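J.: Shown below is the structure under consideration.
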Amino acid sequence: MNNTKVLLLLVLAAVAAAFFLFDLGEYFTLEYFKTQQSAIDAYRQAQPWMSASFFFLLYVAVTGLSLPGAVIMTLVGGAIFGLIWGTVIISFASTIGATVAFLVSRFLLRDMVQEKFASNLTAINEGIKKDGAFYLFTLRLIPAFPFFLINLLMGLTPIRTLVFWIVSQIGMLPGTIVYVNAGTQIAKLESLGGILSPGLIGSFALLGLFPLITRKTLEFIQTRKVLRMYDKPNKFDRNLIVIGAGSAGLVAAYIAAAVKSKVTLIEKHKMGGDCLYTGCVPSKALIRSAKFLSHVKRAEQFGFKSANVDFDFADIMDRVQRIIQTIEPHDSVERYTKLGVECIQGEANMTSPYAVDVNGKTLTTRSIVIAAGAHPFVPPIPGVEEVGYVTSDTVWELRELPKRLVVLGGGPIGSELVQCFARFGSNVTQIEMLPRILSREDPEVSEMVTKQFRAEGIEVLVDHKAKEFRIENGERIVVCEHQGEDIRVGFDELLVAVGRVANTTGYGLEELGIDLSKQRTVAVNDFLQTKYPNIYACGDVAGPYQFTHTAAHQAWYASVNALFGGLKKFRADYSVIPWATFTDPEVARVGLNELEAQEKGVKYEVTTYKIEELDRAIADEEAHGIVKVLTVPGKDRILGVTIVGEHAGDLIAEYIIAMRQKVGLNKILSTIHIYPTLAEANKYAAGEWKRAHAPAGLLRWVERFHTWRRG
Ligand SMILES: Cc1cc2nc3c(=O)[nH]c(=O)nc-3n(C[C@H](O)[C@H](O)[C@H](O)COP(=O)(O)OP(=O)(O)OC[C@H]3O[C@@H](n4cnc5c(N)ncnc54)[C@H](O)[C@@H]3O)c2cc1C
């Protein structure tokens, strides 16, 4: 807390202490006012503006400082100024006072509360951002909710000050009128109890809830309206149709079958999708072979005089296909049919929210899950079609190793493939228009990977924007713009890996008018519903992540919500999302890194453990990389972890579970890790944190104790 905050807090505490110490509350009672009423009335008649101004300021001060007395002052306002003027004065004074209290709470406490309870408040913050005005309006109208508490609590949320002001002004008006009106009859009032009858409180509550109920009803009508345009079958053939049998579709169908619903899975190519045929599986198989080669090249490091392997690139690529074939049965029609899923090979087309056409037949269904995946994006750079290219979809067909390969893109897919091809012997140039590769990671992480790439002979051109492809004298050339200059790079093969875009055409999305997001994915709400409440989307087609494990994670929500949403719907939970880039060194992450923490304004502490000190890594000749942990300042609560190094993707699992189960660094430190393993790095990172937070004062006393014990 900075000095200004401490000073303000002290002033507020002093005012509150004075209020109670000098028993100022006795001046804010009905009895006291009644004894003074004639004198006050006389003064008001003599000095109407002065008395109104004084009353106004006193009201603002009492409410702004959250002191008790607002109710009495409202009654008194009615008694002194009458219904009209009393209402005008108090309506503005109470809103200004409320806003002052709101701002004070925001200034003093919001950062601290938001930081401390960051993960727990995410849902509340989202709710306030979306419906904050409605909630505030409801609270304002129901006098049962204490006025001062609403001001203080709202100050802790992200609601905008102007919204708070306007809603408070309008929301408090009915209550103000009732109290001011009661104040005009103050002589007859014996206590505050009778002012609001239960009926009146009920009416206010209804009035308060009215906008929220109206909004929800409108939403309900809207969603029903989009469905009403289509004939709803009296009977459905199925409970669920899933479009696409990739990572998302397979899991969605599996879950639906497991809970005994009738589910049909439609796939136009092959069961398994991108991950099995063109994504995770082939890339990891290729990486394994490339890694073997890299070890051969490092033979001397391992104590061999030399080592040599003879290989044919085509055999490596055939091995990749063999691995795919070995895994294929996991995603096969046979397996899924046995699990209770009806599998149809064909191209699905949604003709209504209740009907999907496939192979000339129309199938009716209560719900649909779209899991149509994504495809590589090829930027419309002049000449790109003329020079020709491969993407992550087609690179697996290569059987001849390109002599000179240009890889466009410095993201995870491009980087993994860059290193593989370089290790097989291609002369590889990686072109990235941003200032660094793996730009979602922290700068030192990109730096470590770039350094390794360059050490392996890869030309990494960052800050290079490909602007044209040409064929000159039979040679293929890319022209890049770099710091105002044109840089030309010749190549034999071009691999475009600049991102993947959702598949959103060809299966009825446009015809049904299903909206797309800004990222051109299918727009879904928190429950993964599209604008049709019975059509869901998950996986790459919905985003925001493009991983197999997130596709599977979303698929659970989509399937369960599609089948049981009428009873209970679940919000997709993205609180702990891990991922890895399988370059060498591997880069794995869960939660926040420094870049994201700064972007989101989350305060953090960094603890870094260097793997070069780890016994097992030294024994394995892999003594490089880091475990970098972000924690809440002064606490062992983990905000995020990045691991760079050998098997980082496996090592991070401990931190994923720690974050998910809210286990702090102290507990990781007190857990026995097997010696000598790479996993010990996780514990040592926790140890680094502990060392930095050792209780120095206490240790000084302990040292004195030991000195005394030695005599
Ligand atoms: C090179 C590369 C490496 C990767 N490595 C990893 C990794 O290591 N780890 C990781 O987690 N992720 C990785 N990914 C990402 C991962 O592959 C995807 O996130 C994941 O496969 C997405 O699954 P999905 O089900 O959403 O889509 P997909 O797997 O693309 O499945 C969509 C399916 O829908 C079908 N389909 C589309 N339209 C229709 C229609 N009208 N009718 C019937 N069927 C239709 C398609 O044929 C396709 O089979 C990698 C991706 C690439 C390209």
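Chains: A, B, ... in order of the structure tokens. Residues: from 1 per chain. Ligands: from 1, in order shown.
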Which residues are near ligand 1 - at most 7 Å, using only C-alpha atoms and all ligand atoms? Format: as a ChimeraX atom specification.
T.: /A:243-249,266-275,278-280,283-284,346-349,371-374,392-393,413,503,506-507,538-541,546-549,551,579-582
J.: I need the helix (DSSP H, G or I) residues of segment 367-406 of chain A per DSSP on the backbone, written as a PyMOL selection string.
T.: chain A and resi 384-387+395-397
J.: With a distance cut-off of 10 Å and only C-alpha atoms, select the neighbouring residues of Gly513 of chain A, excluding the residue or stretch itself and same-chain residues fewer than 2 positions from it, and output the selection as a list of chain:residue names.
T.: A:Val226, A:Gly508, A:Leu509, A:Glu510, A:Glu511, A:Asp515, A:Leu516, A:Lys531, A:Tyr532
J.: Okay, now the selection with all heavy atoms, as a CSV table (one decimal), in the first residue's frame?
T.:
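To be explicit, this is the file written out as out-v2.csv:
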```csv
chain,number,residue,atom,x,y,z
A,226,VAL,N,-35.3,-18.1,-32.9
A,226,VAL,CA,-34.5,-18.6,-34.0
A,226,VAL,C,-34.8,-20.1,-34.3
A,226,VAL,O,-34.7,-20.5,-35.4
A,226,VAL,CB,-32.9,-18.5,-33.8
A,226,VAL,CG1,-32.5,-17.0,-33.8
A,226,VAL,CG2,-32.5,-19.2,-32.5
A,508,GLY,N,-23.3,-25.8,-43.6
A,508,GLY,CA,-24.6,-25.2,-43.2
A,508,GLY,C,-24.5,-24.0,-42.2
A,508,GLY,O,-25.6,-23.4,-41.8
A,509,LEU,N,-23.3,-23.6,-41.8
A,509,LEU,CA,-23.2,-22.5,-40.9
A,509,LEU,C,-23.8,-21.2,-41.4
A,509,LEU,O,-24.6,-20.6,-40.8
A,509,LEU,CB,-21.7,-22.2,-40.6
A,509,LEU,CG,-21.0,-23.0,-39.5
A,509,LEU,CD1,-19.6,-22.3,-39.3
A,509,LEU,CD2,-21.8,-22.9,-38.2
A,510,GLU,N,-23.4,-20.9,-42.7
A,510,GLU,CA,-23.8,-19.6,-43.3
A,510,GLU,C,-25.3,-19.7,-43.5
A,510,GLU,O,-26.1,-18.7,-43.2
A,510,GLU,CB,-23.2,-19.4,-44.6
A,510,GLU,CG,-21.7,-19.4,-44.7
A,510,GLU,CD,-21.2,-20.8,-45.2
A,510,GLU,OE1,-21.8,-21.8,-44.8
A,510,GLU,OE2,-20.2,-20.8,-45.9
A,511,GLU,N,-25.8,-20.8,-44.0
A,511,GLU,CA,-27.3,-20.9,-44.3
A,511,GLU,C,-28.1,-20.8,-43.0
A,511,GLU,O,-29.2,-20.2,-43.0
A,511,GLU,CB,-27.6,-22.3,-44.9
A,511,GLU,CG,-27.0,-22.5,-46.3
A,511,GLU,CD,-25.5,-22.7,-46.4
A,511,GLU,OE1,-24.9,-22.9,-45.3
A,511,GLU,OE2,-24.9,-22.8,-47.5
A,515,ASP,N,-23.3,-17.1,-36.2
A,515,ASP,CA,-22.3,-16.1,-36.2
A,515,ASP,C,-20.9,-16.6,-36.0
A,515,ASP,O,-20.7,-17.6,-35.4
A,515,ASP,CB,-22.6,-15.1,-35.1
A,515,ASP,CG,-24.0,-14.5,-35.2
A,515,ASP,OD1,-24.4,-14.3,-36.3
A,515,ASP,OD2,-24.6,-14.4,-34.1
A,516,LEU,N,-19.9,-15.8,-36.5
A,516,LEU,CA,-18.5,-16.1,-36.3
A,516,LEU,C,-18.0,-15.0,-35.3
A,516,LEU,O,-18.5,-13.9,-35.3
A,516,LEU,CB,-17.7,-16.0,-37.6
A,516,LEU,CG,-18.1,-17.0,-38.7
A,516,LEU,CD1,-17.1,-17.0,-39.9
A,516,LEU,CD2,-18.1,-18.5,-38.1
A,531,LYS,N,-25.7,-19.5,-31.6
A,531,LYS,CA,-27.0,-18.7,-31.4
A,531,LYS,C,-28.2,-19.6,-31.3
A,531,LYS,O,-29.2,-19.2,-30.8
A,531,LYS,CB,-27.1,-17.6,-32.5
A,531,LYS,CG,-27.5,-18.1,-33.8
A,531,LYS,CD,-27.6,-17.0,-34.8
A,531,LYS,CE,-29.0,-16.9,-35.4
A,531,LYS,NZ,-29.0,-16.0,-36.5
A,532,TYR,N,-28.0,-20.8,-31.8
A,532,TYR,CA,-29.1,-21.9,-31.6
A,532,TYR,C,-28.8,-22.6,-30.3
A,532,TYR,O,-27.7,-23.2,-30.2
A,532,TYR,CB,-29.1,-22.9,-32.8
A,532,TYR,CG,-29.5,-22.2,-34.1
A,532,TYR,CD1,-28.6,-21.7,-34.9
A,532,TYR,CD2,-30.9,-22.1,-34.4
A,532,TYR,CE1,-28.9,-21.1,-36.1
A,532,TYR,CE2,-31.2,-21.5,-35.6
A,532,TYR,CZ,-30.3,-21.0,-36.4
A,532,TYR,OH,-30.6,-20.4,-37.6
```
J.: List as a ChimeraX atom specification the protein and nucleic acid residues near Asp573 of chain A, meaning an atom at most 10 Å away when only C-alpha atoms are counted, but skip any in the same chain fewer than 2 places from it.
T.: /A:526-527,553-554,557,570-571,575-577
J.: Record the distance separating atom CA of Arg637 of chain A and atom CA of Leu152 of chain A, expressed in Å with one decimal.
T.: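 Straight-line distance from atom CA of Arg637 of chain A to atom CA of Leu152 of chain A works out to 26.8 Å.
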J.: Check which residues of segment 257-373 of chain A sit at most 7 Å from segment 394-400 of chain A using only C-alpha atoms, and return one row each with the closest pair of atoms and their distance in Å to one decimal, ordered by chain and rising number, as JSON lines.
T.:
```
{"residue": "A:Phe313", "atom": "CA", "partner": "A:Glu400", "partner_atom": "CA", "distance": 6.3}
{"residue": "A:Ala314", "atom": "CA", "partner": "A:Arg399", "partner_atom": "CA", "distance": 4.4}
{"residue": "A:Met317", "atom": "CA", "partner": "A:Arg399", "partner_atom": "CA", "distance": 6.6}
```
J.: Given the choices A:Leu67, A:Leu75, A:Cys480, A:Val644, which gets closest to Val180 of chain A if the distance is worked out from only C-alpha atoms?
T.: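 Looking at the shortest contact to Val180 of chain A, the residue is A:Leu75.
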J.: Nearest to Ile656 of chain A: which of A:Ala588, A:Leu121, A:Ile324, A:Val60 is it, counting only C-alpha atoms?
T.: A:Ala588
